[in-house]
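A.B. asks: One file: work26.tsv (TSV, C-alpha atoms).
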chain	number	residue	atom	x	y	z
Q	40	MET	CA	0.00	0.00	0.00
Q	41	LYS	CA	2.89	2.32	0.84
Q	42	ALA	CA	4.40	1.66	-2.59
Q	43	TRP	CA	1.14	2.69	-4.31
Q	44	ASN	CA	1.01	5.86	-2.22
Q	45	PHE	CA	4.58	6.66	-3.21
Q	46	ILE	CA	3.83	6.13	-6.93
Q	47	ALA	CA	0.69	8.28	-6.69
Q	48	ALA	CA	2.67	11.04	-5.03
Q	49	ILE	CA	5.27	10.95	-7.82
Q	50	VAL	CA	2.55	11.07	-10.53
Q	51	CYS	CA	0.76	13.98	-8.84
Q	52	SER	CA	4.01	15.85	-8.32
Q	53	THR	CA	5.00	15.39	-11.97
Q	54	ALA	CA	1.57	16.53	-13.16
Q	55	PHE	CA	1.70	19.59	-10.89
Q	56	HIS	CA	5.20	20.47	-12.11
Q	57	ALA	CA	4.14	20.14	-15.76
Q	58	THR	CA	1.07	22.29	-15.14
Q	59	ALA	CA	3.18	24.94	-13.42
Q	60	GLN	CA	5.55	25.03	-16.39
Q	61	GLN	CA	2.70	25.30	-18.87
Q	62	LYS	CA	1.40	28.46	-17.20
Q	63	ASP	CA	4.42	30.50	-18.27
Q	64	ILE	CA	6.20	28.39	-20.86
Q	65	VAL	CA	6.56	31.41	-23.17
Q	66	ALA	CA	9.08	32.81	-20.68
Q	67	TYR	CA	11.58	30.24	-21.95
Q	68	ALA	CA	11.64	31.85	-25.40
Q	69	ASN	CA	14.25	34.59	-25.90
Q	70	THR	CA	13.52	36.45	-29.14
Q	71	LEU	CA	17.02	37.98	-29.19
Q	72	GLN	CA	18.31	34.55	-30.24
Q	73	GLY	CA	19.56	34.78	-33.83
Q	74	THR	CA	19.86	38.58	-33.94
Q	75	ASN	CA	23.69	38.66	-34.04
Q	76	SER	CA	23.67	38.91	-37.84
Q	77	GLU	CA	24.88	41.24	-40.58
Q	78	PHE	CA	25.20	41.32	-44.36
Q	79	SER	CA	28.59	39.60	-44.35
Q	80	LEU	CA	27.68	36.96	-41.76
Q	81	SER	CA	24.21	35.45	-41.58
Q	82	ALA	CA	23.99	34.02	-38.09
Q	83	GLY	CA	20.25	33.74	-37.67
Q	84	ASN	CA	18.85	36.77	-39.52
Q	85	THR	CA	16.04	37.18	-37.00
Q	86	HIS	CA	14.61	40.19	-35.19
Q	87	PRO	CA	13.03	40.21	-31.71
Q	88	SER	CA	9.50	39.68	-33.01
Q	89	THR	CA	6.71	40.25	-30.51
Q	90	ALA	CA	3.57	38.66	-31.94
Q	91	LEU	CA	0.75	36.18	-31.49
Q	92	PRO	CA	1.02	32.82	-33.28
Q	93	PHE	CA	-0.03	33.36	-36.92
Q	94	GLY	CA	-0.66	37.04	-36.23
Q	95	MET	CA	-1.18	39.39	-39.16
Q	96	HIS	CA	1.38	41.83	-37.76
Q	97	ALA	CA	4.39	41.59	-35.45
Q	98	TRP	CA	6.31	44.33	-33.66
Q	99	SER	CA	10.05	44.77	-33.20
Q	100	ALA	CA	12.60	47.21	-31.91
Q	101	GLN	CA	14.51	48.81	-34.80
Q	102	THR	CA	18.26	49.39	-34.68
Q	103	GLY	CA	18.89	49.53	-38.44
Q	104	LYS	CA	18.10	52.30	-40.89
Q	105	ASN	CA	14.74	52.46	-42.63
Q	106	GLY	CA	14.81	49.89	-45.43
Q	107	ASP	CA	17.71	47.91	-43.96
Q	108	GLY	CA	16.86	44.22	-43.95
Q	109	TRP	CA	18.83	43.74	-40.73
Q	110	LYS	CA	16.31	45.74	-38.76
Q	111	TYR	CA	17.72	44.64	-35.39
Q	112	GLN	CA	21.34	43.69	-34.75
Q	113	TYR	CA	22.50	42.52	-31.35
Q	114	LYS	CA	25.75	44.47	-31.63
Q	115	ALA	CA	23.91	47.79	-32.12
Q	116	LYS	CA	24.12	50.39	-29.36
Q	117	THR	CA	21.00	52.43	-30.19
Q	118	ILE	CA	17.34	51.92	-31.06
Q	119	ARG	CA	15.61	54.32	-33.45
Q	120	GLY	CA	12.03	53.06	-33.41
Q	121	PHE	CA	9.51	50.32	-32.70
Q	122	GLN	CA	8.14	48.95	-35.96
Q	123	GLN	CA	5.11	47.09	-37.14
Q	124	VAL	CA	6.87	44.32	-39.09
Q	125	HIS	CA	6.19	41.37	-41.40
Q	126	GLN	CA	9.70	40.46	-42.50
Q	127	CYS	CA	10.58	36.80	-42.98
Q	128	SER	CA	14.11	37.41	-44.31
Q	129	PRO	CA	16.48	40.39	-44.57
Q	130	TRP	CA	17.16	39.42	-48.18
Q	131	VAL	CA	13.58	40.18	-49.30
Q	132	GLY	CA	12.99	43.07	-46.92
Q	133	ASP	CA	9.80	44.12	-45.16
Q	134	TYR	CA	6.50	45.70	-46.15
Q	135	ALA	CA	3.67	47.76	-44.62
Q	136	VAL	CA	6.09	49.24	-42.08
Q	137	PHE	CA	5.70	52.29	-39.87
Q	138	SER	CA	7.32	52.98	-36.52
Q	139	LEU	CA	6.84	54.83	-33.25
Q	140	MET	CA	9.68	56.30	-31.21
Q	141	PRO	CA	9.63	58.09	-27.84
Q	142	VAL	CA	11.81	61.21	-27.78
Q	143	SER	CA	12.70	62.95	-24.53
Q	144	GLY	CA	13.77	66.58	-24.30
Q	145	GLU	CA	14.30	68.36	-27.62
Q	146	LEU	CA	12.17	67.14	-30.54
Q	147	LYS	CA	14.28	65.05	-32.94
Q	148	VAL	CA	12.57	63.40	-35.91
Q	149	ASN	CA	15.50	62.26	-38.07
Q	150	GLU	CA	16.10	58.55	-37.53
Q	151	GLU	CA	19.81	59.04	-36.84
Q	152	GLU	CA	19.31	61.95	-34.45
Q	153	ARG	CA	16.48	60.35	-32.45
Q	154	ALA	CA	18.31	57.01	-32.07
Q	155	THR	CA	18.81	56.43	-28.34
Q	156	ALA	CA	21.39	54.37	-26.46
Q	157	PHE	CA	20.37	51.19	-24.63
Q	158	SER	CA	21.85	48.13	-22.95
Q	159	HIS	CA	20.70	44.53	-23.29
Q	160	ALA	CA	20.78	44.40	-19.49
Q	161	ASP	CA	17.79	46.76	-19.58
Q	162	GLU	CA	15.90	44.79	-22.22
Q	163	ILE	CA	13.28	42.02	-22.00
Q	164	ALA	CA	12.49	40.25	-25.27
Q	165	ARG	CA	9.73	37.63	-25.22
Q	166	PRO	CA	7.17	36.59	-27.85
Q	167	ASP	CA	4.36	38.12	-25.78
Q	168	TYR	CA	6.11	41.16	-24.30
Q	169	TYR	CA	8.99	43.48	-25.08
Q	170	LYS	CA	10.48	46.11	-22.78
Q	171	VAL	CA	13.52	48.34	-22.89
Q	172	THR	CA	14.70	51.23	-20.74
Q	173	PHE	CA	16.97	53.61	-22.60
Q	174	ALA	CA	20.01	55.34	-21.17
Q	175	ASN	CA	17.92	58.53	-20.99
Q	176	LYS	CA	15.47	56.68	-18.67
Q	177	VAL	CA	12.60	56.49	-21.18
Q	178	THR	CA	10.93	53.06	-21.03
Q	179	THR	CA	9.02	51.41	-23.88
Q	180	GLU	CA	6.81	48.36	-23.43
Q	181	LEU	CA	4.68	46.54	-25.96
Q	182	SER	CA	2.37	43.56	-26.17
Q	183	PRO	CA	0.75	42.25	-29.37
Q	184	THR	CA	-2.74	41.51	-30.62
Q	185	GLU	CA	-3.50	39.65	-33.85
Q	186	ARG	CA	-3.66	42.81	-35.97
Q	187	GLY	CA	-2.18	45.41	-33.65
Q	188	ALA	CA	-0.35	46.17	-30.44
Q	189	HIS	CA	-0.62	47.91	-27.08
Q	190	LEU	CA	2.38	50.10	-26.25
Q	191	ARG	CA	3.35	52.15	-23.21
Q	192	PHE	CA	5.97	54.90	-23.13
Q	193	SER	CA	7.15	56.16	-19.73
Q	194	PHE	CA	9.12	59.42	-19.67
Q	195	PRO	CA	11.28	60.68	-16.79
Q	196	ALA	CA	9.85	63.44	-14.57
Q	197	LYS	CA	10.00	67.00	-15.89
Q	198	SER	CA	11.28	65.80	-19.27
Q	199	PRO	CA	9.44	67.01	-22.43
Q	200	ALA	CA	7.72	63.96	-23.93
Q	201	TYR	CA	7.33	63.34	-27.66
Q	202	ILE	CA	6.28	60.37	-29.75
Q	203	VAL	CA	7.43	60.38	-33.37
Q	204	LEU	CA	5.66	58.36	-36.07
Q	205	ASP	CA	7.92	57.53	-39.02
Q	206	GLY	CA	6.26	56.73	-42.38
Q	207	TYR	CA	9.27	54.63	-43.54
Q	208	ASN	CA	10.54	54.74	-47.13
Q	209	ALA	CA	7.61	55.13	-49.55
Q	210	LEU	CA	4.39	57.10	-50.02
Q	211	SER	CA	2.50	57.54	-46.75
Q	212	GLY	CA	-0.18	59.75	-45.27
Q	213	VAL	CA	-1.20	60.84	-41.77
Q	214	LYS	CA	-4.08	62.66	-40.12
Q	215	ILE	CA	-3.89	63.93	-36.53
Q	216	ILE	CA	-7.16	64.24	-34.58
Q	217	PRO	CA	-6.28	65.94	-31.27
Q	218	GLU	CA	-9.82	65.91	-29.85
Q	219	GLU	CA	-9.85	62.11	-30.14
Q	220	ARG	CA	-6.18	61.67	-29.15
Q	221	LYS	CA	-5.79	59.80	-32.41
Q	222	ILE	CA	-3.59	59.46	-35.49
Q	223	THR	CA	-4.82	57.67	-38.61
Q	224	GLY	CA	-3.02	57.07	-41.88
Q	225	TYR	CA	-1.49	54.62	-44.31
Q	226	VAL	CA	1.85	53.39	-45.65
Q	227	THR	CA	2.64	51.77	-49.00
Q	228	ASN	CA	6.18	50.43	-48.62
Q	229	GLY	CA	7.37	47.00	-49.79
Q	230	ARG	CA	9.18	45.32	-52.71
Q	231	PHE	CA	6.76	42.51	-53.58
Q	232	ILE	CA	3.40	44.14	-52.94
Q	233	PRO	CA	0.34	44.41	-55.23
Q	234	LYS	CA	-0.39	47.57	-57.17
Q	235	ASP	CA	-2.21	50.21	-55.11
Q	236	PHE	CA	-1.37	48.37	-51.87
Q	237	LYS	CA	-1.95	50.31	-48.65
Q	238	ASN	CA	-1.64	49.42	-45.01
Q	239	TYR	CA	-4.11	51.58	-43.06
Q	240	PHE	CA	-3.51	52.22	-39.36
Q	241	VAL	CA	-5.25	53.73	-36.35
Q	242	ILE	CA	-3.37	54.83	-33.22
Q	243	VAL	CA	-5.25	56.00	-30.13
Q	244	PHE	CA	-3.40	57.50	-27.16
Q	245	ASP	CA	-4.66	57.74	-23.59
Q	246	GLN	CA	-3.17	61.19	-22.91
Q	247	PRO	CA	-4.13	64.57	-24.41
Q	248	PHE	CA	-1.86	66.26	-26.95
Q	249	GLU	CA	-0.09	69.47	-25.93
Q	250	ALA	CA	1.20	70.02	-29.48
Q	251	SER	CA	1.52	68.09	-32.73
Q	252	GLY	CA	2.59	68.32	-36.34
Q	253	THR	CA	3.73	66.44	-39.42
Q	254	TRP	CA	7.14	65.83	-40.97
Q	255	GLU	CA	8.76	63.94	-43.83
Q	256	ASN	CA	11.92	61.86	-43.65
Q	257	VAL	CA	13.38	62.75	-47.07
Q	258	ASN	CA	14.50	66.27	-46.10
Q	259	ASN	CA	13.41	65.98	-42.45
Q	260	GLN	CA	11.20	69.03	-42.81
Q	261	VAL	CA	8.93	69.61	-39.79
Q	262	SER	CA	5.53	71.34	-40.04
Q	263	HIS	CA	4.46	72.39	-36.54
Q	264	GLY	CA	0.69	72.49	-36.04
Q	265	ASN	CA	-0.06	70.75	-39.34
Q	266	LEU	CA	-2.76	68.09	-38.87
Q	267	SER	CA	-2.54	66.15	-42.14
Q	268	ALA	CA	-0.03	65.43	-44.89
Q	269	GLU	CA	0.83	62.96	-47.68
Q	270	GLY	CA	4.11	62.24	-49.42
Q	271	LYS	CA	7.17	60.03	-49.37
Q	272	GLY	CA	8.14	59.20	-45.80
Q	273	THR	CA	5.42	61.38	-44.27
Q	274	GLY	CA	4.99	61.00	-40.53
Q	275	ALA	CA	3.73	62.80	-37.44
Q	276	PHE	CA	4.82	63.87	-33.97
Q	277	ILE	CA	2.90	64.44	-30.75
Q	278	ARG	CA	4.00	66.28	-27.61
Q	279	PHE	CA	2.59	65.21	-24.26
Q	280	ARG	CA	2.97	66.75	-20.82
Q	281	SER	CA	6.47	66.49	-19.36
Q	282	GLY	CA	7.13	63.21	-17.56
Q	283	ALA	CA	4.02	61.57	-19.00
Q	284	LYS	CA	3.25	57.86	-19.09
Q	285	VAL	CA	1.56	57.38	-22.47
Q	286	GLN	CA	-0.28	54.33	-23.78
Q	287	ALA	CA	-0.81	53.82	-27.50
Q	288	ARG	CA	-3.19	51.24	-28.94
Q	289	VAL	CA	-2.54	50.46	-32.61
Q	290	ALA	CA	-4.45	48.43	-35.21
Q	291	SER	CA	-4.00	48.01	-38.97
Q	292	SER	CA	-5.83	46.79	-42.06
Q	293	TYR	CA	-4.95	46.12	-45.69
Q	294	ILE	CA	-8.58	46.77	-46.67
Q	295	SER	CA	-9.55	50.25	-45.51
Q	296	LEU	CA	-9.30	52.78	-42.72
Q	297	GLU	CA	-12.82	51.81	-41.67
Q	298	GLN	CA	-11.71	48.20	-41.29
Q	299	ALA	CA	-8.71	49.31	-39.24
Q	300	GLU	CA	-11.09	51.23	-36.95
Q	301	GLN	CA	-13.31	48.16	-36.59
Q	302	THR	CA	-10.31	45.95	-35.82
Q	303	TRP	CA	-9.15	48.46	-33.22
Q	304	LYS	CA	-12.54	48.26	-31.49
Q	305	GLN	CA	-12.55	44.45	-31.54
Q	306	GLU	CA	-8.98	43.83	-30.41
Q	307	LEU	CA	-8.07	46.87	-28.32
Q	308	GLY	CA	-11.14	48.94	-27.55
Q	309	GLY	CA	-11.91	47.11	-24.30
Q	310	PHE	CA	-8.37	47.37	-22.90
Q	311	THR	CA	-7.36	50.64	-21.29
Q	312	LYS	CA	-4.23	49.43	-19.51
Q	313	LEU	CA	-1.18	47.44	-20.55
Q	314	GLU	CA	-0.91	44.79	-17.84
How does this structure look as structure tokens?
C.D. replies:
Amino acid sequence: MKAWNFIAAIVCSTAFHATAQQKDIVAYANTLQGTNSEFSLSAGNTHPSTALPFGMHAWSAQTGKNGDGWKYQYKAKTIRGFQQVHQCSPWVGDYAVFSLMPVSGELKVNEEERATAFSHADEIARPDYYKVTFANKVTTELSPTERGAHLRFSFPAKSPAYIVLDGYNALSGVKIIPEERKITGYVTNGRFIPKDFKNYFVIVFDQPFEASGTWENVNNQVSHGNLSAEGKGTGAFIRFRSGAKVQARVASSYISLEQAEQTWKQELGGFTKLE
């Protein structure tokens, strides 16, 4: 009888241990694995993709220049944005890309000038959650949905707080709606995309805008107070109160802006906090 009790205890213990592991098994996945790559040495060719299984979109930190297939390299010392991505290989590039970047202090829109130093010691990279705290103490967190993402940007106290939207490297358009704390728009970038392809997006913030404007990344011309624009590499910027903690909920659609709005309501409308 004692032997049976011992066997039962072992079985129960094993089952409990397996169940405990299953609760957080995603924690064993490190999405930085395979990111130590470059053009001359392909050693994985991955980026730290944060996405749901079979999701329409993924999100990744961006260390490389707009259009660079090696969008994230482990050896890099700075991050210049957080992209919506779909790239399967650096050799074919990405498509339907736009990015968001928190900027503290003076407004800097150029991708080289806004790039901010970070350390891997201050970075968490999992399939379900990404977090990094920059050397300037700005923290970015993101978690994915099937067709979007929930991001949070935390700025240090008394520091002017900006978020810059970069339209990447092809025709794009943006519209800023301050009364709704919203930016809508589209991007068209990609090498192997259908004619007239557009990726429509909706971004809703939880904090009011103190100022805003548009810019373009060809000549890095900034238009303060402008609420809409179209052109190659057109983007937007928003200023929030100093030291703000800002949440941004993002959804996209290849069909229409109306579909992007509907997707936003379905996947993100009921969530007001990034947990």
A.B. asks: Restricting the calculation to all atoms listed in the file, which member of Q:Gly309, Q:Gly108, Q:Gly187, Q:Pro199 is positioned closest to Glu145 of chain Q?
C.D. replies: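 Selected residue with least distance to Glu145 of chain Q: Q:Pro199.
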A.B. asks: Return as a Markdown table the residues of segment 125-190 of chain Q lying at most 12 Å from segment 255-270 of chain Q, together with the closest atom-to-atom pair for each and the distance in Å to one decimal, counting all atoms listed in the file, with rows in chain order and ascending residue number.
C.D. replies:
| residue | atom | partner | partner_atom | distance |
| --- | --- | --- | --- | --- |
| Q:Leu146 | CA | Q:Val261 | CA | 10.1 |
| Q:Lys147 | CA | Q:Asn259 | CA | 9.6 |
| Q:Val148 | CA | Q:Asn259 | CA | 7.1 |
| Q:Asn149 | CA | Q:Asn259 | CA | 6.1 |
| Q:Glu150 | CA | Q:Asn256 | CA | 8.1 |
| Q:Glu151 | CA | Q:Asn256 | CA | 10.8 |
| Q:Glu152 | CA | Q:Asn259 | CA | 10.7 |
| Q:Arg153 | CA | Q:Asn259 | CA | 11.9 |
A.B. asks: Choose the residue, out of Q:Ser76, Q:Asn175, Q:Ser292, Q:Ser251, that has the smallest atom-to-atom separation from Asn238 of chain Q; count all atoms listed in the file.
C.D. replies: Q:Ser292
A.B. asks: Let me make sure I understand: among Q:Ser182, Q:Asn105, Q:Gln126, Q:Thr227, which one has the smallest atom-to-atom distance to Arg288 of chain Q if we use all atoms listed in the file?
C.D. replies: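 Of Q:Ser182, Q:Asn105, Q:Gln126, Q:Thr227, the one nearest Arg288 of chain Q, counting all atoms listed in the file, is Q:Ser182.
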A.B. asks: What is the atom CA of His159 of chain Q-atom CA of Tyr67 of chain Q distance in Å, reported with one decimal?
C.D. replies: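 Spanning atom CA of His159 of chain Q to atom CA of Tyr67 of chain Q is a straight-line distance of 17.0 Å.
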A.B. asks: Of the candidates Q:Arg230, Q:Arg191, Q:Arg165, Q:Lys170, which shows the shortest atom-to-atom distance to Pro129 of chain Q, using only C-alpha atoms?
C.D. replies: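 So, comparing all the options, the nearest one is Q:Arg230.
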A.B. asks: Using the file's own x, y and z axes, what box holds all listed atoms of segment 136-149 of chain Q with 5 Å on each side, keeping edges along x, y and z, and what are its centre and edge lengths in Å to one decimal, as AutoDock Vina command-line options?
C.D. replies:
--center_x 10.6 --center_y 58.8 --center_z -33.2 --size_x 19.8 --size_y 29.1 --size_z 27.8
A.B. asks: Could you check how far atom CA of Asn228 of chain Q sits from atom CA of Trp254 of chain Q, in Å to one decimal?
C.D. replies: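 Result for atom CA of Asn228 of chain Q versus atom CA of Trp254 of chain Q: 17.2 Å, one decimal.
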A.B. asks: Which polymer residues have any atom within 7 Å of an atom of segment 273-281 of chain Q, counting all atoms listed in the file, with same-chain residues fewer than 3 positions away left out, as a list of chain:residue names?
C.D. replies: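 Contacts, in chain order: Q:Ala196, Q:Lys197, Q:Ser198, Q:Pro199, Q:Ala200, Q:Tyr201, Q:Ile202, Q:Val203, Q:Leu204, Q:Asp205, Q:Gly206, Q:Ser211, Q:Gly212, Q:Val213, Q:Pro247, Q:Phe248, Q:Glu249, Q:Ala250, Q:Ser251, Q:Gly252, Q:Thr253, Q:Trp254, Q:Glu255, Q:Asn256, Q:Ala268, Q:Glu269, Q:Gly270.
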A.B. asks: To one decimal in Å, tell me the separation between atom CA of His96 of chain Q and atom CA of Ala174 of chain Q.
C.D. replies: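 Rounded to one decimal, the two atoms are 28.4 Å apart.
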A.B. asks: Quick one: of Q:Lys110, Q:His125, Q:Lys176, Q:Lys116, who's nearest to Ser143 of chain Q, counting all atoms listed in the file?
C.D. replies: Q:Lys176
A.B. asks: With all atoms listed in the file as the atoms that count, which of Q:Phe192, Q:Phe310, Q:Phe93, Q:Tyr239 lies nearest to Leu296 of chain Q?
C.D. replies: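 That would be Q:Tyr239, the residue with the smallest distance to Leu296 of chain Q.
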A.B. asks: Within 12 Å of Asn75 of chain Q, counting only C-alpha atoms, which residues qualify if same-chain residues fewer than 4 places away don't, as number ranges by chain?
C.D. replies: Q: 70-71, 79-87, 109-115
